[in-house]
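K.L.:
Okay, handing you the structure first.
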Amino acid sequence: MKKFFALLIVAMLALGTVALAETAYTSDDISFTYDETAFEVTEDDRTDDETTVVLTGKNEAWGNTYILFYVRDLQDGDTLPTLEEIAEIPDVEATQGEWNGYKDVITYTASYDDGTSQTFFLAPVPDAEDGEIDTQLTVEVFVSEIEDEETAMGRDDLISAVLDTLVIDD
């Protein structure tokens, strides 16, 4: 019984440590929360019209894992890709719907022979004041296949937690 309580206390401390490891990332264009023990911000390129932020997975068991956020202001004449255009990409199945509060988001995944896959979310972002689409958000999630189901689920949960906190500041 003492072992059980000792393990329970260790587990509670571990969970408390993970909760304390959450870090908020904020720029003029994008914000999200991530677990700094699992990811590191490896790139943060900004111009007046574009922001690129990349979170790279730190856990070696995850293989090559990253989440790329790309936010760009649309210029006159810019168009967003359509579902039909994306669906023409070989070996890609595309869908369109709502994701994380954004409407008309095109989602598609490409899987490769080396056991890796990329999932893309292409989201038009309306202006807060007039509702016009003036920004495009692209999220790319790149992951390696993991044999250990528990490790894969843990990684996927941490990726989902980041995506669930994503906010585009227009």
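Within each chain, counting starts at residue 1; across the structure tokens, chains are named A, B, ... in the order shown, with ligands numbered 1 upward in that order.
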What lies within 9 Å of Leu74 of chain A using only C-alpha atoms, ignoring chain neighbours under 5 positions off, as a PDB file with N, CA and C atoms, in the first residue's frame?
P.N.:
```pdb
ATOM      1  N   ASP A  49       4.724  41.373 -43.601  1.00  0.00           N
ATOM      2  CA  ASP A  49       3.576  40.645 -44.142  1.00  0.00           C
ATOM      3  C   ASP A  49       3.522  39.167 -43.766  1.00  0.00           C
ATOM      4  N   THR A  79      -4.913  34.923 -54.037  1.00  0.00           N
ATOM      5  CA  THR A  79      -6.052  34.040 -53.855  1.00  0.00           C
ATOM      6  C   THR A  79      -5.644  32.888 -52.959  1.00  0.00           C
ATOM      7  N   LEU A  80      -6.604  32.338 -52.266  1.00  0.00           N
ATOM      8  CA  LEU A  80      -6.364  31.166 -51.430  1.00  0.00           C
ATOM      9  C   LEU A  80      -6.550  29.921 -52.278  1.00  0.00           C
ATOM     10  N   ILE A 133     -11.611  38.492 -45.612  1.00  0.00           N
ATOM     11  CA  ILE A 133     -10.460  37.583 -45.516  1.00  0.00           C
ATOM     12  C   ILE A 133      -9.227  38.347 -45.986  1.00  0.00           C
ATOM     13  N   ASP A 134      -8.311  38.611 -45.054  1.00  0.00           N
ATOM     14  CA  ASP A 134      -7.107  39.348 -45.415  1.00  0.00           C
ATOM     15  C   ASP A 134      -5.821  38.665 -44.951  1.00  0.00           C
ATOM     16  N   THR A 135      -5.960  37.484 -44.342  1.00  0.00           N
ATOM     17  CA  THR A 135      -4.812  36.751 -43.824  1.00  0.00           C
ATOM     18  C   THR A 135      -5.008  35.266 -44.096  1.00  0.00           C
ATOM     19  N   GLN A 136      -3.905  34.581 -44.385  1.00  0.00           N
ATOM     20  CA  GLN A 136      -3.940  33.130 -44.545  1.00  0.00           C
ATOM     21  C   GLN A 136      -3.058  32.501 -43.482  1.00  0.00           C
TER      22      GLN A 136
END
```
K.L.:
Give me, as a PyMOL selection string, the residues of chain A that a backbone DSSP run labels helix (DSSP H, G or I).
P.N.:
chain A and resi 2-20+60-62+83-87+149-164
K.L.:
Quote the spacing between atom CA of Val71 of chain A and atom CA of Asp28 of chain A in Å to one decimal place.
P.N.:
10.7 Å
K.L.:
Please identify the strand (DSSP E) residues within segment 7-153 of chain A (assignment by DSSP from backbone atoms) and present them as a PyMOL selection string.
P.N.:
chain A and resi 22-26+30-35+39-46+50-57+66-73+93-99+102-111+116-126+133-144
K.L.:
Generate a file of the selected residues that holds C-alpha atoms, formatted as a PDB file, in the first residue's frame.
P.N.:
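The resulting selection-v9.pdb:
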```pdb
ATOM      1  CA  GLU A  22       3.642  25.226 -20.398  1.00  0.00           C
ATOM      2  CA  THR A  23       4.950  28.330 -22.074  1.00  0.00           C
ATOM      3  CA  ALA A  24       2.998  30.967 -23.952  1.00  0.00           C
ATOM      4  CA  TYR A  25       4.376  32.104 -27.280  1.00  0.00           C
ATOM      5  CA  THR A  26       3.075  35.456 -28.490  1.00  0.00           C
ATOM      6  CA  ILE A  30       0.158  34.493 -33.582  1.00  0.00           C
ATOM      7  CA  SER A  31      -0.036  33.057 -30.106  1.00  0.00           C
ATOM      8  CA  PHE A  32      -0.215  29.574 -28.632  1.00  0.00           C
ATOM      9  CA  THR A  33       0.810  27.626 -25.569  1.00  0.00           C
ATOM     10  CA  TYR A  34       3.288  24.756 -25.722  1.00  0.00           C
ATOM     11  CA  ASP A  35       5.084  22.388 -23.367  1.00  0.00           C
ATOM     12  CA  PHE A  39       9.063  21.417 -27.934  1.00  0.00           C
ATOM     13  CA  GLU A  40      11.403  24.251 -28.644  1.00  0.00           C
ATOM     14  CA  VAL A  41      10.847  27.263 -30.859  1.00  0.00           C
ATOM     15  CA  THR A  42      13.527  26.789 -33.492  1.00  0.00           C
ATOM     16  CA  GLU A  43      12.655  29.524 -35.926  1.00  0.00           C
ATOM     17  CA  ASP A  44      10.832  32.799 -35.757  1.00  0.00           C
ATOM     18  CA  ASP A  45      11.035  34.735 -39.013  1.00  0.00           C
ATOM     19  CA  ARG A  46       9.035  37.914 -39.330  1.00  0.00           C
ATOM     20  CA  GLU A  50       4.639  37.209 -42.863  1.00  0.00           C
ATOM     21  CA  THR A  51       5.344  35.327 -39.653  1.00  0.00           C
ATOM     22  CA  THR A  52       6.824  31.830 -39.518  1.00  0.00           C
ATOM     23  CA  VAL A  53       7.213  29.951 -36.254  1.00  0.00           C
ATOM     24  CA  VAL A  54       8.451  26.365 -35.991  1.00  0.00           C
ATOM     25  CA  LEU A  55       8.125  24.148 -32.930  1.00  0.00           C
ATOM     26  CA  THR A  56      10.499  21.190 -33.052  1.00  0.00           C
ATOM     27  CA  GLY A  57       9.958  18.109 -30.915  1.00  0.00           C
ATOM     28  CA  TYR A  66       7.649  19.639 -35.939  1.00  0.00           C
ATOM     29  CA  ILE A  67       4.742  22.054 -36.138  1.00  0.00           C
ATOM     30  CA  LEU A  68       5.160  24.952 -38.535  1.00  0.00           C
ATOM     31  CA  PHE A  69       2.915  28.012 -38.333  1.00  0.00           C
ATOM     32  CA  TYR A  70       2.924  30.378 -41.286  1.00  0.00           C
ATOM     33  CA  VAL A  71       0.780  33.509 -41.224  1.00  0.00           C
ATOM     34  CA  ARG A  72       0.746  35.859 -44.191  1.00  0.00           C
ATOM     35  CA  ASP A  73      -1.199  38.960 -45.057  1.00  0.00           C
ATOM     36  CA  GLU A  93      -7.191  13.303 -49.628  1.00  0.00           C
ATOM     37  CA  ALA A  94      -8.445  16.778 -48.825  1.00  0.00           C
ATOM     38  CA  THR A  95     -11.430  17.927 -46.796  1.00  0.00           C
ATOM     39  CA  GLN A  96     -12.906  21.318 -46.053  1.00  0.00           C
ATOM     40  CA  GLY A  97     -14.674  22.352 -42.890  1.00  0.00           C
ATOM     41  CA  GLU A  98     -14.309  24.075 -39.562  1.00  0.00           C
ATOM     42  CA  TRP A  99     -11.164  23.770 -37.455  1.00  0.00           C
ATOM     43  CA  TYR A 102     -11.856  28.931 -38.385  1.00  0.00           C
ATOM     44  CA  LYS A 103     -14.287  28.258 -41.252  1.00  0.00           C
ATOM     45  CA  ASP A 104     -13.587  26.859 -44.726  1.00  0.00           C
ATOM     46  CA  VAL A 105     -10.317  25.284 -43.580  1.00  0.00           C
ATOM     47  CA  ILE A 106      -8.783  22.873 -46.058  1.00  0.00           C
ATOM     48  CA  THR A 107      -7.107  19.927 -44.346  1.00  0.00           C
ATOM     49  CA  TYR A 108      -5.005  17.322 -46.108  1.00  0.00           C
ATOM     50  CA  THR A 109      -2.384  14.746 -45.259  1.00  0.00           C
ATOM     51  CA  ALA A 110       0.453  13.352 -47.312  1.00  0.00           C
ATOM     52  CA  SER A 111       2.056  10.073 -46.189  1.00  0.00           C
ATOM     53  CA  THR A 116       6.593  10.127 -42.139  1.00  0.00           C
ATOM     54  CA  SER A 117       3.520  12.191 -42.841  1.00  0.00           C
ATOM     55  CA  GLN A 118       2.568  15.833 -43.143  1.00  0.00           C
ATOM     56  CA  THR A 119      -0.828  17.247 -42.281  1.00  0.00           C
ATOM     57  CA  PHE A 120      -1.696  20.703 -43.512  1.00  0.00           C
ATOM     58  CA  PHE A 121      -4.387  23.103 -42.359  1.00  0.00           C
ATOM     59  CA  LEU A 122      -5.011  26.059 -44.707  1.00  0.00           C
ATOM     60  CA  ALA A 123      -7.254  28.582 -42.991  1.00  0.00           C
ATOM     61  CA  PRO A 124      -8.598  31.885 -44.263  1.00  0.00           C
ATOM     62  CA  VAL A 125      -8.558  34.366 -41.374  1.00  0.00           C
ATOM     63  CA  PRO A 126     -11.198  37.117 -41.429  1.00  0.00           C
ATOM     64  CA  ILE A 133     -10.460  37.583 -45.516  1.00  0.00           C
ATOM     65  CA  ASP A 134      -7.107  39.348 -45.415  1.00  0.00           C
ATOM     66  CA  THR A 135      -4.812  36.751 -43.824  1.00  0.00           C
ATOM     67  CA  GLN A 136      -3.940  33.130 -44.545  1.00  0.00           C
ATOM     68  CA  LEU A 137      -2.851  30.703 -41.856  1.00  0.00           C
ATOM     69  CA  THR A 138      -0.984  27.559 -42.841  1.00  0.00           C
ATOM     70  CA  VAL A 139      -0.214  24.974 -40.185  1.00  0.00           C
ATOM     71  CA  GLU A 140       2.004  22.031 -41.116  1.00  0.00           C
ATOM     72  CA  VAL A 141       2.398  19.111 -38.727  1.00  0.00           C
ATOM     73  CA  PHE A 142       5.227  16.743 -39.682  1.00  0.00           C
ATOM     74  CA  VAL A 143       5.561  13.470 -37.776  1.00  0.00           C
ATOM     75  CA  SER A 144       7.429  10.201 -37.985  1.00  0.00           C
TER      76      SER A 144
END
```
K.L.:
If I take atom CA of Glu36 of chain A and atom CA of Glu150 of chain A, how far is one from the other in Å, to one decimal?
P.N.:
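It comes out at 19.9 Å.
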K.L.:
Quote the spacing between atom CA of Ala21 of chain A and atom CA of Lys58 of chain A in Å to one decimal place.
P.N.:
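Value for the atom CA of Ala21 of chain A-atom CA of Lys58 of chain A distance: 13.4 Å.
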K.L.:
Counting only C-alpha atoms, which of A:Thr65, A:Thr37, A:Asn100, A:Thr82 gets nearest to Ile168 of chain A?
P.N.:
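Using only C-alpha atoms, the shortest distance to Ile168 of chain A belongs to A:Asn100.
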